[in-house]
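Structure file protein_7.csv with CSV, C-alpha atoms and all ligand atoms:
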chain,number,residue,atom,x,y,z
A,1,MET,CA,12.3,8.2,28.2
A,2,GLU,CA,12.7,6.8,24.7
A,3,LYS,CA,10.5,8.5,22.2
A,4,ALA,CA,7.7,6.2,20.9
A,5,GLU,CA,8.5,4.9,17.4
A,6,ARG,CA,6.2,6.5,14.8
A,7,ILE,CA,6.1,4.7,11.5
A,8,ARG,CA,4.1,6.2,8.6
A,9,VAL,CA,3.6,4.8,5.2
A,10,ARG,CA,2.0,6.6,2.3
A,11,VAL,CA,0.3,4.6,-0.4
A,12,PRO,CA,-1.5,5.6,-3.7
A,13,GLY,CA,-4.7,4.6,-5.2
A,14,LYS,CA,-4.9,3.3,-8.8
A,15,VAL,CA,-6.7,3.6,-12.0
A,16,ASN,CA,-6.8,0.9,-14.7
A,17,LEU,CA,-5.9,2.2,-18.1
A,18,ALA,CA,-6.9,-1.1,-19.6
A,19,LEU,CA,-9.1,-3.7,-17.8
A,20,ARG,CA,-9.7,-6.6,-20.1
A,21,VAL,CA,-11.8,-9.3,-18.4
A,22,GLY,CA,-12.4,-13.0,-19.3
A,23,GLY,CA,-15.2,-15.3,-18.3
A,24,HIS,CA,-15.1,-16.5,-14.7
A,25,ARG,CA,-13.0,-19.6,-14.0
A,26,ALA,CA,-13.9,-22.6,-11.8
A,27,ASP,CA,-12.0,-21.0,-8.8
A,28,GLY,CA,-14.4,-18.0,-9.1
A,29,TYR,CA,-11.9,-15.5,-10.4
A,30,HIS,CA,-12.0,-13.7,-13.7
A,31,PRO,CA,-8.8,-13.8,-15.7
A,32,LEU,CA,-7.6,-10.3,-16.3
A,33,ASP,CA,-5.2,-8.4,-18.6
A,34,THR,CA,-4.8,-5.0,-17.1
A,35,VAL,CA,-2.6,-1.9,-17.0
A,36,PHE,CA,-2.5,-0.3,-13.6
A,37,GLN,CA,-1.3,3.3,-13.0
A,38,ALA,CA,-0.8,4.6,-9.5
A,39,VAL,CA,-2.2,8.1,-9.0
A,40,SER,CA,-1.4,10.8,-6.5
A,41,LEU,CA,-4.4,10.2,-4.2
A,42,PHE,CA,-2.9,8.8,-1.0
A,43,ASP,CA,-3.9,7.0,2.1
A,44,GLU,CA,-1.5,7.1,5.0
A,45,VAL,CA,-1.1,4.2,7.4
A,46,GLU,CA,0.7,4.7,10.8
A,47,ALA,CA,1.9,1.7,12.9
A,48,LEU,CA,2.4,2.3,16.6
A,49,PRO,CA,3.7,-0.2,19.2
A,50,ALA,CA,1.0,-2.1,21.2
A,51,PRO,CA,1.2,-4.9,23.8
A,52,ARG,CA,1.8,-8.5,22.7
A,53,GLY,CA,-1.4,-9.9,21.1
A,54,VAL,CA,-3.1,-6.6,20.7
A,55,ARG,CA,-3.8,-5.5,17.2
A,56,THR,CA,-6.2,-2.7,16.5
A,57,VAL,CA,-7.1,-0.3,13.7
A,58,ARG,CA,-8.6,3.2,13.8
A,59,VAL,CA,-9.7,4.9,10.6
A,60,LEU,CA,-9.8,8.7,10.1
A,61,GLY,CA,-11.3,10.7,7.3
A,62,ASP,CA,-14.7,11.7,5.7
A,63,GLN,CA,-15.6,8.1,4.8
A,64,ALA,CA,-14.1,6.4,7.9
A,65,SER,CA,-17.6,5.1,9.0
A,66,LEU,CA,-17.7,3.0,5.8
A,67,VAL,CA,-14.5,1.0,6.7
A,68,PRO,CA,-14.7,-1.9,9.1
A,69,THR,CA,-12.4,-1.8,12.2
A,70,ASP,CA,-12.7,-5.5,13.1
A,71,GLU,CA,-10.5,-8.3,11.8
A,72,SER,CA,-12.1,-7.9,8.3
A,73,ASN,CA,-10.1,-4.7,7.9
A,74,LEU,CA,-7.6,-5.4,5.1
A,75,ALA,CA,-4.8,-3.6,7.0
A,76,LEU,CA,-5.3,-5.8,10.0
A,77,LYS,CA,-5.4,-8.9,7.8
A,78,ALA,CA,-2.1,-7.8,6.3
A,79,ALA,CA,-0.6,-7.4,9.8
A,80,GLN,CA,-1.7,-10.9,10.7
A,81,ALA,CA,-0.4,-12.4,7.4
A,82,LEU,CA,3.0,-10.8,7.9
A,83,ALA,CA,3.3,-12.0,11.5
A,84,SER,CA,2.4,-15.6,10.3
A,85,TYR,CA,4.9,-15.3,7.4
A,86,ALA,CA,7.7,-14.2,9.7
A,87,GLY,CA,6.8,-16.9,12.3
A,88,MET,CA,6.3,-14.2,15.0
A,89,ARG,CA,4.0,-15.1,17.9
A,90,GLN,CA,1.3,-12.4,18.5
A,91,PRO,CA,3.2,-9.2,17.9
A,92,GLY,CA,1.2,-6.1,18.8
A,93,VAL,CA,0.4,-3.1,16.6
A,94,GLU,CA,-2.0,-0.1,16.7
A,95,LEU,CA,-2.7,0.9,13.1
A,96,VAL,CA,-4.1,4.3,12.2
A,97,ILE,CA,-5.4,4.8,8.6
A,98,ARG,CA,-6.0,8.3,7.3
A,99,LYS,CA,-8.2,7.6,4.3
A,100,THR,CA,-8.3,9.8,1.2
A,101,ILE,CA,-8.8,7.1,-1.4
A,102,PRO,CA,-12.5,6.7,-1.9
A,103,VAL,CA,-14.0,3.7,-0.2
A,104,THR,CA,-15.5,1.1,-2.6
A,105,GLY,CA,-14.5,3.6,-5.4
A,106,GLY,CA,-12.8,1.1,-7.7
A,107,MET,CA,-9.4,2.6,-6.8
A,108,ALA,CA,-8.2,-0.3,-4.6
A,109,GLY,CA,-8.3,1.7,-1.4
A,110,GLY,CA,-8.5,-1.4,0.9
A,111,SER,CA,-5.7,-3.1,-1.0
A,112,ALA,CA,-3.6,0.1,-0.7
A,113,ASP,CA,-4.1,0.0,3.1
A,114,ALA,CA,-3.1,-3.6,3.2
A,115,ALA,CA,0.1,-2.9,1.2
A,116,ALA,CA,0.9,0.1,3.5
A,117,ALA,CA,0.3,-2.0,6.6
A,118,LEU,CA,2.8,-4.7,5.3
A,119,ILE,CA,5.5,-2.1,5.0
A,120,ALA,CA,4.6,-0.3,8.3
A,121,CYS,CA,4.5,-3.6,10.3
A,122,ALA,CA,7.7,-4.9,8.8
A,123,ALA,CA,9.4,-1.7,10.0
A,124,LEU,CA,7.8,-1.7,13.4
A,125,TRP,CA,8.5,-5.3,14.1
A,126,ARG,CA,12.0,-5.1,12.5
A,127,ILE,CA,11.3,-7.9,10.0
A,128,ASP,CA,14.0,-8.0,7.3
A,129,VAL,CA,11.8,-9.0,4.4
A,130,ALA,CA,12.9,-8.7,0.8
A,131,PRO,CA,10.5,-6.9,-1.7
A,132,ASP,CA,9.8,-10.2,-3.6
A,133,GLU,CA,8.9,-12.0,-0.3
A,134,LEU,CA,6.6,-9.1,0.6
A,135,ALA,CA,5.0,-9.4,-2.8
A,136,VAL,CA,4.2,-13.0,-2.1
A,137,VAL,CA,2.5,-12.1,1.2
A,138,ALA,CA,0.7,-9.3,-0.7
A,139,ALA,CA,-0.7,-11.6,-3.4
A,140,GLY,CA,-2.2,-13.8,-0.6
A,141,LEU,CA,-4.2,-10.8,0.6
A,142,GLY,CA,-5.8,-9.7,-2.6
A,143,ALA,CA,-5.2,-9.4,-6.4
A,144,ASP,CA,-4.5,-5.6,-6.2
A,145,VAL,CA,-2.2,-5.6,-3.2
A,146,PRO,CA,1.0,-6.4,-5.1
A,147,PHE,CA,0.5,-3.5,-7.4
A,148,CYS,CA,-0.1,-1.1,-4.5
A,149,LEU,CA,3.3,-2.1,-3.2
A,150,MET,CA,4.9,-1.6,-6.6
A,151,GLY,CA,3.1,1.5,-7.9
A,152,SER,CA,4.1,3.4,-11.1
A,153,THR,CA,2.7,1.7,-14.2
A,154,ALA,CA,2.5,-2.1,-14.5
A,155,LEU,CA,0.9,-4.8,-16.6
A,156,GLY,CA,-1.1,-7.3,-14.5
A,157,ARG,CA,-2.2,-10.8,-15.7
A,158,GLY,CA,-3.8,-13.8,-14.0
A,159,ARG,CA,-6.0,-12.3,-11.3
A,160,GLY,CA,-4.1,-9.0,-11.9
A,161,ASP,CA,-1.4,-10.0,-9.4
A,162,GLU,CA,1.2,-11.4,-12.0
A,163,LEU,CA,2.9,-8.0,-12.5
A,164,VAL,CA,5.4,-6.7,-14.9
A,165,PRO,CA,6.6,-3.1,-14.5
A,166,MET,CA,6.0,-1.1,-17.6
A,167,LEU,CA,7.9,1.4,-19.6
A,168,SER,CA,5.9,4.7,-19.3
A,169,ARG,CA,7.0,8.1,-20.3
A,170,GLY,CA,5.5,11.4,-19.4
A,171,SER,CA,3.2,12.7,-16.7
A,172,TYR,CA,-0.5,12.1,-16.8
A,173,HIS,CA,-3.0,14.6,-15.5
A,174,TRP,CA,-6.2,12.9,-14.4
A,175,VAL,CA,-9.4,14.3,-13.0
A,176,LEU,CA,-11.4,11.9,-10.8
A,177,ALA,CA,-15.1,12.4,-10.4
A,178,LEU,CA,-16.6,10.6,-7.3
A,179,PRO,CA,-20.3,10.1,-8.1
A,180,ASP,CA,-22.6,9.8,-5.2
A,181,VAL,CA,-23.7,6.3,-6.0
A,182,GLU,CA,-22.6,2.9,-4.5
A,183,LEU,CA,-21.3,0.1,-6.5
A,184,SER,CA,-19.7,-3.1,-5.1
A,185,THR,CA,-17.0,-5.0,-7.0
A,186,PRO,CA,-18.9,-8.4,-6.8
A,187,GLU,CA,-22.1,-6.8,-8.1
A,188,VAL,CA,-20.3,-5.4,-11.1
A,189,PHE,CA,-18.6,-8.8,-11.9
A,190,ALA,CA,-22.0,-10.5,-11.6
A,191,ARG,CA,-23.5,-8.1,-14.1
A,192,PHE,CA,-20.4,-8.6,-16.4
A,193,ASP,CA,-21.2,-12.4,-16.3
A,194,GLU,CA,-24.8,-11.7,-17.3
A,195,LEU,CA,-23.8,-9.5,-20.1
A,196,ASN,CA,-21.0,-11.8,-21.3
A,197,PRO,CA,-22.1,-15.4,-20.8
A,198,ASP,CA,-19.7,-16.7,-23.5
A,199,ALA,CA,-16.6,-14.8,-22.4
A,200,GLY,CA,-13.4,-16.8,-22.9
A,201,PRO,CA,-9.8,-15.8,-21.8
A,202,ALA,CA,-9.2,-12.2,-21.1
A,203,PRO,CA,-8.7,-10.2,-24.3
A,204,GLU,CA,-5.4,-8.4,-24.7
A,205,THR,CA,-4.5,-4.9,-23.7
A,206,PRO,CA,-4.7,-2.7,-26.8
A,207,PRO,CA,-1.2,-2.5,-28.4
A,208,GLY,CA,-1.8,1.2,-29.0
A,209,LEU,CA,-2.0,1.7,-25.2
A,210,LEU,CA,1.4,0.1,-24.7
A,211,ALA,CA,2.9,2.1,-27.6
A,212,GLY,CA,1.4,5.4,-26.3
A,213,LEU,CA,2.7,4.8,-22.8
A,214,ALA,CA,6.2,3.9,-24.1
A,215,SER,CA,6.4,7.0,-26.2
A,216,GLY,CA,4.6,9.4,-23.8
A,217,ASP,CA,1.9,10.1,-26.4
A,218,ILE,CA,-1.0,11.1,-24.2
A,219,ALA,CA,-3.5,11.4,-27.0
A,220,GLN,CA,-2.7,7.8,-28.1
A,221,VAL,CA,-3.1,6.6,-24.5
A,222,ALA,CA,-6.5,8.4,-24.3
A,223,ASP,CA,-7.7,6.8,-27.5
A,224,ASN,CA,-6.9,3.3,-26.2
A,225,LEU,CA,-8.3,3.4,-22.7
A,226,VAL,CA,-10.6,0.4,-22.2
A,227,ASN,CA,-12.6,-1.1,-19.3
A,228,ASP,CA,-14.6,-4.3,-20.0
A,229,LEU,CA,-16.4,-3.7,-16.7
A,230,GLN,CA,-17.7,-0.3,-17.8
A,231,PRO,CA,-20.8,-1.5,-19.6
A,232,ALA,CA,-21.7,-3.5,-16.5
A,233,ALA,CA,-21.1,-0.6,-14.1
A,234,VAL,CA,-23.1,1.8,-16.4
A,235,SER,CA,-26.0,-0.6,-16.7
A,236,LEU,CA,-26.2,-0.9,-12.9
A,237,ARG,CA,-25.8,2.9,-12.4
A,238,PRO,CA,-26.9,4.7,-15.6
A,239,HIS,CA,-25.9,8.0,-13.8
A,240,LEU,CA,-22.3,7.1,-14.7
A,241,ALA,CA,-23.0,7.6,-18.4
A,242,ASP,CA,-24.0,11.2,-17.6
A,243,VAL,CA,-20.8,11.7,-15.6
A,244,LEU,CA,-18.6,10.3,-18.4
A,245,ALA,CA,-20.4,12.4,-21.1
A,246,ALA,CA,-20.0,15.6,-19.0
A,247,GLY,CA,-16.3,15.1,-18.5
A,248,VAL,CA,-15.7,14.7,-22.3
A,249,ASP,CA,-18.0,17.7,-23.0
A,250,ALA,CA,-15.9,19.7,-20.6
A,251,GLY,CA,-12.7,19.0,-22.5
A,252,ALA,CA,-11.3,15.6,-21.3
A,253,LEU,CA,-9.4,13.7,-23.9
A,254,ALA,CA,-11.2,10.6,-22.7
A,255,GLY,CA,-13.1,9.3,-19.7
A,256,ILE,CA,-13.3,5.8,-18.2
A,257,VAL,CA,-14.9,4.1,-15.2
A,258,SER,CA,-12.0,3.3,-12.8
A,259,GLY,CA,-11.9,-0.5,-12.1
A,260,SER,CA,-15.3,-1.6,-11.0
A,261,GLY,CA,-16.4,2.0,-10.4
A,262,PRO,CA,-18.1,4.2,-9.5
A,263,THR,CA,-15.2,6.6,-9.7
A,264,CYS,CA,-14.8,8.1,-13.2
A,265,ALA,CA,-11.3,9.0,-14.4
A,266,PHE,CA,-10.7,11.6,-17.1
A,267,LEU,CA,-7.4,12.1,-18.8
A,268,SER,CA,-6.5,15.7,-19.7
A,269,GLU,CA,-4.0,17.0,-22.2
A,270,ASN,CA,-2.0,18.9,-19.6
A,271,GLU,CA,-2.2,20.5,-16.1
A,272,ASP,CA,-4.1,23.6,-17.3
A,273,ALA,CA,-6.7,21.5,-19.1
A,274,ALA,CA,-7.1,19.4,-15.9
A,275,VAL,CA,-7.7,22.5,-13.8
A,276,ARG,CA,-10.4,23.7,-16.2
A,277,LEU,CA,-12.0,20.3,-16.3
A,278,SER,CA,-12.0,19.8,-12.5
A,279,ASN,CA,-13.6,23.3,-12.1
A,280,ALA,CA,-16.3,22.4,-14.6
A,281,LEU,CA,-17.1,19.1,-12.9
A,282,ALA,CA,-16.9,20.5,-9.4
A,283,GLY,CA,-19.5,23.2,-10.6
A,284,SER,CA,-21.9,20.5,-11.7
A,285,ASP,CA,-24.0,18.4,-9.4
A,286,LEU,CA,-22.9,15.1,-11.0
A,287,ALA,CA,-20.3,14.1,-8.4
A,288,ARG,CA,-20.0,14.4,-4.6
A,289,ALA,CA,-16.3,15.3,-5.0
A,290,VAL,CA,-13.8,16.0,-7.7
A,291,ARG,CA,-10.0,15.4,-7.4
A,292,ARG,CA,-7.1,16.4,-9.6
A,293,VAL,CA,-4.2,14.0,-9.5
A,294,CYS,CA,-1.1,13.2,-11.5
A,295,ALA,CA,0.5,9.9,-12.4
A,296,PRO,CA,2.4,7.7,-12.3
A,297,VAL,CA,3.6,7.8,-8.7
A,298,PRO,CA,5.6,5.2,-6.6
A,299,GLY,CA,3.8,2.5,-4.5
A,300,ALA,CA,3.7,2.2,-0.7
A,301,ARG,CA,6.7,4.0,0.8
A,302,LEU,CA,7.9,4.7,4.4
A,303,LEU,CA,7.6,8.4,5.2
A,304,SER,CA,9.7,8.1,8.4
A,305,CYS,CA,11.1,5.5,10.8
B,401,LIG,P1,-11.4,-3.0,-5.4
B,401,LIG,O1,-11.4,-2.1,-6.6
B,401,LIG,O2,-10.1,-3.4,-5.0
B,401,LIG,O3,-12.4,-4.2,-5.5
B,401,LIG,P2,-12.6,-0.8,-4.2
B,401,LIG,O4,-11.4,0.2,-4.4
B,401,LIG,O5,-13.8,-0.6,-5.0
B,401,LIG,O6,-12.0,-2.2,-4.2
B,401,LIG,P3,-12.3,-0.6,-1.3
B,401,LIG,O7,-12.2,0.8,-0.9
B,401,LIG,O8,-11.0,-1.4,-1.4
B,401,LIG,O9,-13.1,-0.7,-2.7
B,401,LIG,O10,-13.3,-1.4,-0.4
B,401,LIG,C1,-13.8,-2.7,-0.7
B,401,LIG,C2,-14.4,-3.3,0.6
B,401,LIG,O11,-13.4,-3.5,1.5
B,401,LIG,C3,-15.4,-2.4,1.3
B,401,LIG,O12,-16.5,-3.2,1.7
B,401,LIG,C4,-14.7,-1.9,2.5
B,401,LIG,O13,-15.5,-1.7,3.6
B,401,LIG,C5,-13.7,-3.1,2.8
B,401,LIG,N1,-12.5,-2.7,3.5
B,401,LIG,C6,-11.8,-3.5,4.4
B,401,LIG,N2,-10.7,-2.9,4.8
B,401,LIG,C7,-10.6,-1.7,4.2
B,401,LIG,C8,-9.7,-0.6,4.3
B,401,LIG,N3,-8.6,-0.6,5.0
B,401,LIG,N4,-10.0,0.4,3.5
B,401,LIG,C9,-11.1,0.5,2.7
B,401,LIG,N5,-12.0,-0.5,2.6
B,401,LIG,C10,-11.8,-1.6,3.4
Rendering of file as structure tokens:
Amino acid sequence: MEKAERIRVRVPGKVNLALRVGGHRADGYHPLDTVFQAVSLFDEVEALPAPRGVRTVRVLGDQASLVPTDESNLALKAAQALASYAGMRQPGVELVIRKTIPVTGGMAGGSADAAAALIACAALWRIDVAPDELAVVAAGLGADVPFCLMGSTALGRGRGDELVPMLSRGSYHWVLALPDVELSTPEVFARFDELNPDAGPAPETPPGLLAGLASGDIAQVADNLVNDLQPAAVSLRPHLADVLAAGVDAGALAGIVSGSGPTCAFLSENEDAAVRLSNALAGSDLARAVRRVCAPVPGARLLSC
């Protein structure tokens, strides 16, 4: 008997080193100028054959109960979008997601699963799709999905989906604190609108950040981290201010809310400093979990086929 095909894709979460946000446009989106960096916290998406017309998803991991398994799951939406793009009639797939990226953590976990599902289904269904075509399908699924395909470090404009890969030297050691509070992306953007009623186009990414990344100057990168959503996130969940202060007190070069939060990301000088910082934060009761990651890492990639 032929062995069942087992296709696994590994996909990273992201932090935004800069997230500059403009006032919301008529189409409801906020213009962004952002620098994404993919970090070594990975979800894995497996695609298994299923009968024609049957598409299901199972989610495994501590936070699995927080992820929908109906057609609103972003990985299932990605499978549907790819089938439509390729003009296939009702191909089947059973998706299994092993979640490690925090759910609603501001690290694009759902978008990551969508990117991984695109690659996994393309392999399972033997669709010969070029990377730039896949990026078009990805952009239709959500603003962060193209970056989850690309990975590494990239500048994003428009909704964050007009991507340019960036020159980035060096390895970055991050400590992620996952506070035990909930924060949804729409809630944070709504507070941003309240706090910034006159916001115009997205401000530019600090030139010092781009220079620091190009030269691998970690201190310069740390000095130029910026997140325009951070005041909104902190005003909704003041606990985040305590987490950010604790990370800096424990030796981080800088701390920032990741995306719309609530994950807080701390940049360390080197690996030893990151170990000390993660031990200090894990010993406090400020976060439900602490993870040490490095960056940049590649985007969604097949593990086997
Ligand atoms: P972003 O920063 O992209 O707005 P996030 O990282 O804060 O998002 P996600 O983990 O992507 O948050 O979850 C956003 C919403 O998407 C949640 O309500 C979640 O239940 C839903 N969702 C749908 N599919 C998935 C999936 N495969 N993995 C995680 N969340 C999913």
For chain A versus ligand LIG 401 (chain B), which residues have an atom no more than 7 Å away, and what is each residue's nearest atom pair and distance in Å rounded to one decimal, using only C-alpha atoms and all ligand atoms, chain-then-number order, as a Markdown table?
| residue | atom | partner | partner_atom | distance |
| --- | --- | --- | --- | --- |
| A:Leu66 | CA | B:LIG401 | O13 | 5.6 |
| A:Val67 | CA | B:LIG401 | O13 | 4.2 |
| A:Pro68 | CA | B:LIG401 | O13 | 5.6 |
| A:Ser72 | CA | B:LIG401 | C6 | 5.9 |
| A:Asn73 | CA | B:LIG401 | N2 | 3.6 |
| A:Leu74 | CA | B:LIG401 | N2 | 4.0 |
| A:Ala75 | CA | B:LIG401 | N3 | 5.2 |
| A:Pro102 | CA | B:LIG401 | O7 | 6.0 |
| A:Val103 | CA | B:LIG401 | O7 | 3.5 |
| A:Thr104 | CA | B:LIG401 | O9 | 3.0 |
| A:Gly105 | CA | B:LIG401 | O5 | 4.3 |
| A:Gly106 | CA | B:LIG401 | O5 | 3.3 |
| A:Met107 | CA | B:LIG401 | O4 | 3.9 |
| A:Ala108 | CA | B:LIG401 | O4 | 3.2 |
| A:Gly109 | CA | B:LIG401 | O7 | 4.0 |
| A:Gly110 | CA | B:LIG401 | O8 | 3.4 |
| A:Ser111 | CA | B:LIG401 | O8 | 5.6 |
| A:Asp113 | CA | B:LIG401 | N3 | 4.9 |
| A:Ala114 | CA | B:LIG401 | N3 | 6.5 |
| A:Asp144 | CA | B:LIG401 | O2 | 6.1 |
| A:Ser184 | CA | B:LIG401 | O5 | 6.4 |
| A:Thr185 | CA | B:LIG401 | O3 | 4.9 |
| A:Gly259 | CA | B:LIG401 | O1 | 5.7 |
| A:Ser260 | CA | B:LIG401 | O1 | 5.9 |
| A:Gly261 | CA | B:LIG401 | O5 | 6.5 |
Considering only C-alpha atoms, can you say which of A:Pro91, A:Leu19, A:Pro197, A:Ser258 comes closest to A:Asn224?
A:Leu19
Might you pull out every residue within 8 Å of A:Leu82, with all atoms listed in the file counted and same-chain residues fewer than 5 positions away left off, and present them as a ChimeraX atom specification?
/A:118,121-122,137
Atoms kept (C-alpha atoms) for selection, written as an mmCIF file, in the coordinates of the input:
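For reference, out_7.cif as written:
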data_model
loop_
_atom_site.group_PDB
_atom_site.id
_atom_site.type_symbol
_atom_site.label_atom_id
_atom_site.label_comp_id
_atom_site.auth_asym_id
_atom_site.auth_seq_id
_atom_site.Cartn_x
_atom_site.Cartn_y
_atom_site.Cartn_z
ATOM 1 C CA LEU A 118 2.800 -4.700 5.300
ATOM 2 C CA CYS A 121 4.500 -3.600 10.300
ATOM 3 C CA ALA A 122 7.700 -4.900 8.800
ATOM 4 C CA VAL A 137 2.500 -12.100 1.200
#
Compare A:Phe147, A:Tyr172, A:Leu303, A:Leu286 by their minimum atom-to-atom distance to A:Asp242, counting only C-alpha atoms, and give me the closest one.
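Among A:Phe147, A:Tyr172, A:Leu303, A:Leu286, it is A:Leu286 that comes nearest to A:Asp242.
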Return the single residue from A:Leu213, A:Ala300, A:Leu76, A:Val35 that is closest to A:Arg55, with distances computed using only C-alpha atoms.
A:Leu76
Looking at A:Ala199, A:Ala232, A:Ala115, A:Ile218, which one is nearest to A:Gly23, with distances taken over all atoms listed in the file?
A:Ala199
Can you tell me how far atom CA of A:Gly142 sits from atom CA of A:Ala78, in Å to one decimal?
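Separation between atom CA of A:Gly142 and atom CA of A:Ala78: 9.8 Å.
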How would stretch 108-141 of chain A of the given structure read as a file with C-alpha atoms, as a PDB file, in the first residue's frame?
ATOM      1  CA  ALA A 108       0.141  37.337  13.412  1.00  0.00           C
ATOM      2  CA  GLY A 109      -0.521  33.727  14.437  1.00  0.00           C
ATOM      3  CA  GLY A 110      -3.640  33.319  12.317  1.00  0.00           C
ATOM      4  CA  SER A 111      -1.942  34.920   9.312  1.00  0.00           C
ATOM      5  CA  ALA A 112       1.022  32.590   9.815  1.00  0.00           C
ATOM      6  CA  ASP A 113      -1.275  29.558   9.683  1.00  0.00           C
ATOM      7  CA  ALA A 114      -2.880  30.912   6.516  1.00  0.00           C
ATOM      8  CA  ALA A 115       0.537  31.308   4.860  1.00  0.00           C
ATOM      9  CA  ALA A 116       1.550  27.803   5.936  1.00  0.00           C
ATOM     10  CA  ALA A 117      -1.732  26.340   4.658  1.00  0.00           C
ATOM     11  CA  LEU A 118      -1.156  27.936   1.237  1.00  0.00           C
ATOM     12  CA  ILE A 119       2.206  26.187   0.898  1.00  0.00           C
ATOM     13  CA  ALA A 120       0.969  22.901   2.373  1.00  0.00           C
ATOM     14  CA  CYS A 121      -2.118  22.721   0.127  1.00  0.00           C
ATOM     15  CA  ALA A 122      -0.138  23.727  -2.970  1.00  0.00           C
ATOM     16  CA  ALA A 123       2.160  20.756  -2.263  1.00  0.00           C
ATOM     17  CA  LEU A 124      -0.668  18.320  -1.434  1.00  0.00           C
ATOM     18  CA  TRP A 125      -2.737  19.265  -4.481  1.00  0.00           C
ATOM     19  CA  ARG A 126       0.383  19.509  -6.696  1.00  0.00           C
ATOM     20  CA  ILE A 127      -0.356  23.058  -7.783  1.00  0.00           C
ATOM     21  CA  ASP A 128       2.621  24.597  -9.514  1.00  0.00           C
ATOM     22  CA  VAL A 129       2.269  28.141  -8.228  1.00  0.00           C
ATOM     23  CA  ALA A 130       5.043  30.742  -8.402  1.00  0.00           C
ATOM     24  CA  PRO A 131       5.963  32.632  -5.199  1.00  0.00           C
ATOM     25  CA  ASP A 132       4.663  35.943  -6.578  1.00  0.00           C
ATOM     26  CA  GLU A 133       1.310  34.331  -7.466  1.00  0.00           C
ATOM     27  CA  LEU A 134       1.092  32.854  -3.966  1.00  0.00           C
ATOM     28  CA  ALA A 135       1.797  36.334  -2.564  1.00  0.00           C
ATOM     29  CA  VAL A 136      -1.258  37.657  -4.450  1.00  0.00           C
ATOM     30  CA  VAL A 137      -3.494  34.952  -2.955  1.00  0.00           C
ATOM     31  CA  ALA A 138      -1.914  35.682   0.453  1.00  0.00           C
ATOM     32  CA  ALA A 139      -2.676  39.426   0.233  1.00  0.00           C
ATOM     33  CA  GLY A 140      -6.338  38.605  -0.381  1.00  0.00           C
ATOM     34  CA  LEU A 141      -6.435  36.711   2.930  1.00  0.00           C
TER      35      LEU A 141
END
